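Engineer: Questions regarding the structure given below will be posed in turn.
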Amino acid sequence: MSPAPLTERVAAGRGPGKLRRPCIMAMQYLGKGKTLVTRSMMAQPDSDCKEEASLKEDLKFYFMNPCEKYRARHQIPWKLGLQILKIVMVTTQLVLFGLSNQLVVSFKEENTVAFKHLFLKNYSGVDEDDYSCSVYTQQDVYDSIFFAINQYRQLKNISLGILGYEQDEDELSGLQICKQQYRKSRMFPSNDTLNIDSTIETECILLEPQVLAVKETSDLKNSSFFSLEFYRLIEVELSFKLKGIDLQTIHTRELPDCYAFQNTITFNNRAHSGKMKIFFDTDADIEECKDLNISGSIQKNTQYILVFDGFVIVSCFASLILCTRSIVLALKLQKRFVNFFLEKYKRHVGSADRLEFINGWYVLVIISDIMTIIGSIMKMEIKAKNLASYDVCSILLGTSTLFVWVGVIRYLGYFQTYNVLILTMQASLPKVLRFCCCAGMIYLGYTFCGWIVLGPYHEKFEDLNTVAECLFSLVNGDDMFATFAQIQQKSTLVWLFSRLYLYSFISLFIYMILSLFIALITDSYDTIKKYQQSGFPVTDLHEFLKECGNEEYSRGPRTSMSLCCCRRWKSDDDLILIN
């Protein structure tokens, strides 16, 4: 059995003219079959006492929360105030950028829809699948190609938008048409014979706007280039560039954006199935506008936003310095504690105690600050129309704002009522990750099986990505009836297999795996609640800091996330703790 803890007071040894203070000493029982690790039962030299007392004082102060640090040494919580300021500034910056980015996204989407209506004949307004529309006769192919050419020629007369042809130096770039076909091919489906050279030939022509303005469409139809041999035709591609200006930003007191649209119309005949799919792709790039001359207060408003972004960068840089400094000091304190423990008790400090010194919240704040600084610089360049990387800037600012708001949980964790979420996540994460690895193997097996068996008969199983999304929806109870009902009954064997496949997957993942997943988190939650009532497991670091009283600062139960310590009292100078 473990020896009962004893506490006794020893009179302080007095020297001539001063009070000599003995060190706090303890004896710890290591368990059955192990020897006792004994701290010296005699008074140590003053230098060792001062070193131990100094280390304890620094450790106690390090693990205090900002309010306790202020009461102990009147240290102003700069990091806490800076994080609150950052939440307000970063969120405001994100909202302003989001409103501006929303205009950009809507302008691109509306232009894409407008281009499809302009250049695709008989476009219904809704894409058929991953392609825009399709044609089924040779005449429809010719009509669609020449319709796009004719629309391109009279673009300025029919378009509602502010569009123009791209100008390369002094000349206007035109419409490029390329066709790909097999080198030679002879097919006789009636007697199942085929003679083909699979080498692909590509032939292109360029139709400039100046040429199209004076040339009739009938002249192009008589060209040998447009004499298509459909039995060896692979695809026809029309590509052209257009310029546009977004004036809606003026209403939000911002400088307008200039766009370059790279449009591509592809007539895909690779399958030779009698159905030619027509794809329309557009890639919009924001370019710097030239010779802007806008009167009003737009430029002044832009300058205010740039100044605000500058303040955000300065605040994040200050936060980055403070958090980096805290981590460096924590690592130095960790090294002092490890060396002291090894030198005095001849034992190595456990990994759990070492990790207590690494504040994960500071690491999260540092990552957030770096992303905010980079994103703010990019936002300033975008606002000044020197950069157009909206997507990269959105990812940086959005992720950094997420981390900033998640970091608020750290300060809520100082309260026992709110600390349950953090401790439950920390305790359950290793078990959840191991459980997900095992469940992921079963999930991947179902994914590959569904793709190869049900792919030809169900649109939700056509590719691996769609299969994974469909199964994830089924796990969450979404779209179950549609998944069962949409299976084609062309093959009785496959239909029966699909029922067995879907019923087994839903039963296994919803009734067993998902329930076990929830049980793991619930078990961790119950464990944390029990620890909060009876006390958390004591490590070497906790035991080392436990020797001081807790009259002033530690008013609640101690947790592994926040080591609450106390201020040194003079009445404890003569105390020897034997544990």
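Lettering and numbering for the structure tokens are positional, with chains as A, B, ... in the shown order, residues counted from 1 in each chain, and ligands counted from 1 in the shown order.
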Among stretch 59-244 of chain A, which ones does DSSP assign to strand (DSSP E or B) (computed from the backbone)? Answer as an NGL selection string.

Structural biologist: :A and (133-135 or 163-165 or 167-168 or 171-172 or 175-188 or 193-207 or 233-244)

Engineer: Distance table requested - stretch 248-308 of chain A against stretch 172-191 of chain A, cut-off 10 Å, only C-alpha atoms: one row per qualifying residue with the closest atom pair and its distance in Å to one decimal, ordered by chain and rising residue number, as CSV.

Structural biologist:
```
residue,atom,partner,partner_atom,distance
A:Asn263,CA,A:Leu175,CA,10.0
A:Thr264,CA,A:Gln176,CA,9.6
A:Ile265,CA,A:Ile177,CA,9.5
A:Thr266,CA,A:Cys178,CA,9.6
A:Phe267,CA,A:Lys179,CA,9.3
A:Asn268,CA,A:Gln180,CA,9.9
A:Asn269,CA,A:Gln181,CA,9.7
A:Arg270,CA,A:Gln181,CA,9.5
```

Engineer: Produce a file of the selected residues containing all heavy atoms, as a compact mmCIF listing (two decimals), in the first residue's frame.

Structural biologist:
```txt
# COMPACT_ATOMS: atom_id res chain seq x y z
N ASN A 263 -13.13 31.87 -73.91
CA ASN A 263 -14.29 31.00 -74.14
C ASN A 263 -13.91 29.87 -75.09
O ASN A 263 -13.18 30.09 -76.07
CB ASN A 263 -15.45 31.81 -74.72
CG ASN A 263 -15.89 32.92 -73.80
OD1 ASN A 263 -16.11 32.71 -72.61
ND2 ASN A 263 -16.01 34.14 -74.33
N THR A 264 -14.44 28.69 -74.80
CA THR A 264 -14.18 27.52 -75.63
C THR A 264 -15.48 26.73 -75.82
O THR A 264 -16.15 26.39 -74.83
CB THR A 264 -13.12 26.61 -74.99
OG1 THR A 264 -11.93 27.35 -74.75
CG2 THR A 264 -12.80 25.44 -75.92
N ILE A 265 -15.82 26.47 -77.08
CA ILE A 265 -16.98 25.63 -77.41
C ILE A 265 -16.44 24.35 -78.05
O ILE A 265 -15.75 24.39 -79.07
CB ILE A 265 -17.94 26.34 -78.39
CG1 ILE A 265 -18.39 27.68 -77.81
CG2 ILE A 265 -19.15 25.46 -78.67
CD1 ILE A 265 -19.23 28.50 -78.77
N THR A 266 -16.76 23.21 -77.44
CA THR A 266 -16.22 21.93 -77.90
C THR A 266 -17.36 21.02 -78.33
O THR A 266 -18.28 20.75 -77.55
CB THR A 266 -15.41 21.25 -76.79
OG1 THR A 266 -14.37 22.13 -76.33
CG2 THR A 266 -14.77 19.96 -77.29
N PHE A 267 -17.28 20.55 -79.58
CA PHE A 267 -18.23 19.57 -80.10
C PHE A 267 -17.55 18.21 -80.00
O PHE A 267 -16.66 17.88 -80.79
CB PHE A 267 -18.59 19.89 -81.56
CG PHE A 267 -19.34 21.18 -81.73
CD1 PHE A 267 -18.66 22.40 -81.74
CD2 PHE A 267 -20.72 21.19 -81.88
CE1 PHE A 267 -19.34 23.60 -81.91
CE2 PHE A 267 -21.41 22.38 -82.04
CZ PHE A 267 -20.72 23.59 -82.04
N ASN A 268 -17.94 17.43 -79.01
CA ASN A 268 -17.24 16.18 -78.68
C ASN A 268 -17.92 15.00 -79.36
O ASN A 268 -19.08 14.67 -79.08
CB ASN A 268 -17.24 15.99 -77.15
CG ASN A 268 -16.30 14.89 -76.72
OD1 ASN A 268 -16.17 13.88 -77.39
ND2 ASN A 268 -15.65 15.09 -75.59
N ASN A 269 -17.15 14.34 -80.25
CA ASN A 269 -17.68 13.18 -80.98
C ASN A 269 -16.80 11.96 -80.76
O ASN A 269 -16.74 11.05 -81.59
CB ASN A 269 -17.76 13.50 -82.48
CG ASN A 269 -18.56 12.48 -83.25
OD1 ASN A 269 -19.62 12.03 -82.81
ND2 ASN A 269 -18.05 12.07 -84.41
N ARG A 270 -16.10 11.91 -79.62
CA ARG A 270 -15.15 10.81 -79.36
C ARG A 270 -15.85 9.46 -79.28
O ARG A 270 -15.28 8.44 -79.66
CB ARG A 270 -14.38 11.08 -78.07
CG ARG A 270 -13.42 12.26 -78.16
CD ARG A 270 -12.67 12.49 -76.86
NE ARG A 270 -11.76 13.61 -76.99
CZ ARG A 270 -10.52 13.54 -77.45
NH1 ARG A 270 -10.04 12.34 -77.83
NH2 ARG A 270 -9.75 14.59 -77.55
```

Engineer: Pick out the residues sitting within 12 Å of A:Ala318, and hand them over as a VMD selection string; count only C-alpha atoms, and ignore anything fewer than 3 positions along from it in its own chain.

Structural biologist: chain A and resid 78 to 79 81 to 83 85 to 86 311 to 315 321 to 325 365 to 366 369 to 370 373

Engineer: Convert the current residue selection to file output with N, CA and C atoms, as a JSON list (two decimals), in the first residue's frame.

Structural biologist:
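Written out: part.json:
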```json
[["chain", "number", "residue", "atom", "x", "y", "z"],
["A", 78, "TRP", "N", -1.90, 41.68, -22.55],
["A", 78, "TRP", "CA", -1.87, 42.26, -23.89],
["A", 78, "TRP", "C", -2.39, 41.29, -24.94],
["A", 79, "LYS", "N", -2.02, 40.03, -24.81],
["A", 79, "LYS", "CA", -2.45, 39.06, -25.83],
["A", 79, "LYS", "C", -3.96, 38.91, -25.83],
["A", 81, "GLY", "N", -6.26, 41.18, -24.90],
["A", 81, "GLY", "CA", -6.84, 42.36, -25.52],
["A", 81, "GLY", "C", -6.61, 42.41, -27.02],
["A", 82, "LEU", "N", -5.43, 41.94, -27.44],
["A", 82, "LEU", "CA", -5.11, 41.96, -28.87],
["A", 82, "LEU", "C", -5.97, 40.94, -29.63],
["A", 83, "GLN", "N", -6.24, 39.79, -29.01],
["A", 83, "GLN", "CA", -7.06, 38.79, -29.68],
["A", 83, "GLN", "C", -8.50, 39.28, -29.84],
["A", 85, "LEU", "N", -9.38, 42.43, -30.10],
["A", 85, "LEU", "CA", -9.32, 43.43, -31.17],
["A", 85, "LEU", "C", -9.22, 42.76, -32.54],
["A", 86, "LYS", "N", -8.46, 41.69, -32.61],
["A", 86, "LYS", "CA", -8.29, 40.98, -33.88],
["A", 86, "LYS", "C", -9.61, 40.38, -34.36],
["A", 311, "PHE", "N", -3.93, 48.44, -40.75],
["A", 311, "PHE", "CA", -4.07, 48.26, -39.30],
["A", 311, "PHE", "C", -4.24, 46.78, -38.95],
["A", 312, "VAL", "N", -4.95, 46.04, -39.78],
["A", 312, "VAL", "CA", -5.11, 44.61, -39.54],
["A", 312, "VAL", "C", -3.75, 43.91, -39.60],
["A", 313, "ILE", "N", -2.93, 44.26, -40.56],
["A", 313, "ILE", "CA", -1.60, 43.65, -40.68],
["A", 313, "ILE", "C", -0.75, 43.97, -39.46],
["A", 314, "VAL", "N", -0.80, 45.22, -39.00],
["A", 314, "VAL", "CA", -0.01, 45.62, -37.83],
["A", 314, "VAL", "C", -0.45, 44.85, -36.58],
["A", 315, "SER", "N", -1.77, 44.74, -36.37],
["A", 315, "SER", "CA", -2.27, 44.03, -35.19],
["A", 315, "SER", "C", -1.91, 42.55, -35.24],
["A", 321, "ILE", "N", 4.22, 38.28, -32.89],
["A", 321, "ILE", "CA", 5.43, 38.45, -32.07],
["A", 321, "ILE", "C", 5.18, 38.00, -30.64],
["A", 322, "LEU", "N", 4.05, 38.41, -30.05],
["A", 322, "LEU", "CA", 3.75, 38.06, -28.66],
["A", 322, "LEU", "C", 3.58, 36.56, -28.48],
["A", 323, "CYS", "N", 2.87, 35.91, -29.40],
["A", 323, "CYS", "CA", 2.65, 34.47, -29.27],
["A", 323, "CYS", "C", 3.94, 33.68, -29.51],
["A", 324, "THR", "N", 4.75, 34.13, -30.47],
["A", 324, "THR", "CA", 6.03, 33.46, -30.71],
["A", 324, "THR", "C", 6.93, 33.61, -29.49],
["A", 325, "ARG", "N", 6.94, 34.79, -28.89],
["A", 325, "ARG", "CA", 7.73, 35.02, -27.68],
["A", 325, "ARG", "C", 7.26, 34.10, -26.56],
["A", 365, "VAL", "N", -2.95, 30.51, -33.15],
["A", 365, "VAL", "CA", -2.96, 31.96, -33.37],
["A", 365, "VAL", "C", -1.85, 32.37, -34.33],
["A", 366, "ILE", "N", -0.68, 31.76, -34.20],
["A", 366, "ILE", "CA", 0.44, 32.09, -35.09],
["A", 366, "ILE", "C", 0.09, 31.75, -36.54],
["A", 369, "ASP", "N", -2.38, 34.28, -37.74],
["A", 369, "ASP", "CA", -1.77, 35.59, -38.01],
["A", 369, "ASP", "C", -1.01, 35.59, -39.33],
["A", 370, "ILE", "N", -0.28, 34.52, -39.60],
["A", 370, "ILE", "CA", 0.49, 34.44, -40.85],
["A", 370, "ILE", "C", -0.46, 34.46, -42.05],
["A", 373, "ILE", "N", -1.99, 37.98, -42.46],
["A", 373, "ILE", "CA", -1.04, 38.95, -43.01],
["A", 373, "ILE", "C", -0.90, 38.76, -44.52]]
```

Engineer: Take atom CA of A:Gly98 and atom CA of A:Phe115 and report the distance between them in Å, one decimal.

Structural biologist: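 According to the coordinates, atom CA of A:Gly98 and atom CA of A:Phe115 are separated by 25.5 Å.
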
Engineer: Residues at most 9 Å from A:Gly350, counting only C-alpha atoms, excluding those fewer than 4 positions away in the same chain, as a PyMOL selection string?

Structural biologist: chain A and resi 354-355+539-540

Engineer: My list of candidates is A:Thr91, A:Glu57, A:Ala213, A:Met371. Which is closest to A:Trp405 when distances are computed with only C-alpha atoms?

Structural biologist: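 Counting only C-alpha atoms, the residue closest to A:Trp405 is A:Thr91.
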
Engineer: Contacts of stretch 459-475 of chain A at 7 Å or less, counting only C-alpha atoms, minus same-chain residues fewer than 6 places along, as an MDAnalysis selection string?

Structural biologist: chainID A and resid 447 450:451 506 509:510

Engineer: Restricting the output to all heavy atoms, write the selected residues as a compact mmCIF listing (two decimals), in the first residue's frame.

Structural biologist:
```
# COMPACT_ATOMS: atom_id res chain seq x y z
N THR A 447 -17.14 1.69 -51.41
CA THR A 447 -17.03 2.68 -52.49
C THR A 447 -16.58 2.02 -53.79
O THR A 447 -17.18 2.22 -54.86
CB THR A 447 -16.03 3.78 -52.08
OG1 THR A 447 -16.50 4.42 -50.89
CG2 THR A 447 -15.91 4.82 -53.19
N GLY A 450 -19.35 -0.46 -55.11
CA GLY A 450 -20.49 0.23 -55.71
C GLY A 450 -20.16 0.85 -57.05
O GLY A 450 -20.98 0.85 -57.98
N TRP A 451 -18.95 1.38 -57.17
CA TRP A 451 -18.55 2.02 -58.43
C TRP A 451 -18.47 1.01 -59.58
O TRP A 451 -18.98 1.27 -60.67
CB TRP A 451 -17.20 2.71 -58.23
CG TRP A 451 -16.59 3.23 -59.49
CD1 TRP A 451 -17.13 4.13 -60.36
CD2 TRP A 451 -15.31 2.88 -60.03
NE1 TRP A 451 -16.27 4.37 -61.40
CE2 TRP A 451 -15.14 3.61 -61.23
CE3 TRP A 451 -14.29 2.02 -59.62
CZ2 TRP A 451 -13.99 3.50 -62.01
CZ3 TRP A 451 -13.14 1.92 -60.39
CH2 TRP A 451 -13.01 2.66 -61.58
N ILE A 506 -26.27 0.55 -45.21
CA ILE A 506 -27.03 1.41 -44.30
C ILE A 506 -27.12 0.78 -42.92
O ILE A 506 -26.94 1.46 -41.89
CB ILE A 506 -28.43 1.67 -44.88
CG1 ILE A 506 -28.32 2.51 -46.16
CG2 ILE A 506 -29.32 2.38 -43.86
CD1 ILE A 506 -29.62 2.68 -46.91
N PHE A 509 -23.46 0.90 -41.18
CA PHE A 509 -22.89 2.20 -40.82
C PHE A 509 -23.81 3.00 -39.89
O PHE A 509 -23.32 3.69 -38.99
CB PHE A 509 -22.58 3.00 -42.08
CG PHE A 509 -21.21 2.74 -42.63
CD1 PHE A 509 -20.97 1.64 -43.44
CD2 PHE A 509 -20.15 3.57 -42.31
CE1 PHE A 509 -19.72 1.39 -43.94
CE2 PHE A 509 -18.89 3.32 -42.81
CZ PHE A 509 -18.66 2.23 -43.62
N ILE A 510 -25.11 2.93 -40.10
CA ILE A 510 -26.00 3.74 -39.26
C ILE A 510 -26.24 3.07 -37.91
O ILE A 510 -26.14 3.71 -36.86
CB ILE A 510 -27.33 4.00 -39.98
CG1 ILE A 510 -27.11 4.92 -41.19
CG2 ILE A 510 -28.35 4.63 -39.03
CD1 ILE A 510 -28.37 5.30 -41.91
```

Engineer: If we count only C-alpha atoms and set the cut-off at 9 Å, which residues sit around A:Leu163, ignoring sequence neighbours fewer than 3 positions away in its own chain? Please answer as a PyMOL selection string.

Structural biologist: chain A and resi 155-156+159-160+242-245

Engineer: What gap, in Å, lies between atom CA of A:Met64 and atom CA of A:Tyr414?

Structural biologist: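 Rounded to one decimal, the two atoms are 9.7 Å apart.
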
Engineer: Find the residue from A:Asn386, A:Ser227, A:Gln167, A:Ser534 that sits nearest to A:Val141; use only C-alpha atoms when measuring.

Structural biologist: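 Closest candidate: A:Ser227.
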
Engineer: Excluding same-chain residues fewer than 6 positions from A:Gln138, what lies within 12 Å of it counting only C-alpha atoms, as a PyMOL selection string?

Structural biologist: chain A and resi 144-145+226-231+233+267+269+274-276

Engineer: Write the residues you've just listed into a file as a CSV table (one decimal), in the first residue's frame, and include N, CA and C atoms for each of them.

Structural biologist:
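To be explicit, this is the file written out as part.csv:
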```csv
chain,number,residue,atom,x,y,z
A,144,SER,N,-25.0,24.6,-85.7
A,144,SER,CA,-24.5,25.1,-84.4
A,144,SER,C,-23.1,25.8,-84.5
A,145,ILE,N,-22.3,25.3,-85.4
A,145,ILE,CA,-21.0,25.9,-85.6
A,145,ILE,C,-21.1,27.3,-86.3
A,226,PHE,N,-14.6,23.1,-93.6
A,226,PHE,CA,-15.9,22.8,-93.0
A,226,PHE,C,-16.6,21.6,-93.6
A,227,SER,N,-15.8,20.9,-94.5
A,227,SER,CA,-16.4,19.6,-95.0
A,227,SER,C,-16.0,18.5,-94.1
A,228,LEU,N,-16.8,18.2,-93.1
A,228,LEU,CA,-16.5,17.3,-92.0
A,228,LEU,C,-16.8,15.9,-92.4
A,229,GLU,N,-15.9,15.0,-92.1
A,229,GLU,CA,-16.1,13.6,-92.3
A,229,GLU,C,-16.4,13.0,-90.9
A,230,PHE,N,-17.6,12.8,-90.6
A,230,PHE,CA,-18.1,12.5,-89.3
A,230,PHE,C,-17.6,11.1,-88.8
A,231,TYR,N,-17.4,10.2,-89.7
A,231,TYR,CA,-17.0,8.9,-89.3
A,231,TYR,C,-15.5,8.8,-88.7
A,233,LEU,N,-14.2,12.0,-87.5
A,233,LEU,CA,-14.1,13.2,-86.7
A,233,LEU,C,-14.2,12.9,-85.2
A,267,PHE,N,-17.3,20.6,-79.6
A,267,PHE,CA,-18.2,19.6,-80.1
A,267,PHE,C,-17.6,18.2,-80.0
A,269,ASN,N,-17.2,14.3,-80.3
A,269,ASN,CA,-17.7,13.2,-81.0
A,269,ASN,C,-16.8,12.0,-80.8
A,274,GLY,N,-23.6,8.7,-82.0
A,274,GLY,CA,-24.8,9.3,-82.6
A,274,GLY,C,-25.2,10.5,-81.8
A,275,LYS,N,-24.6,10.8,-80.6
A,275,LYS,CA,-24.9,11.9,-79.8
A,275,LYS,C,-23.6,12.7,-79.6
A,276,MET,N,-23.6,13.9,-80.1
A,276,MET,CA,-22.4,14.8,-80.0
A,276,MET,C,-22.7,15.8,-78.9
```
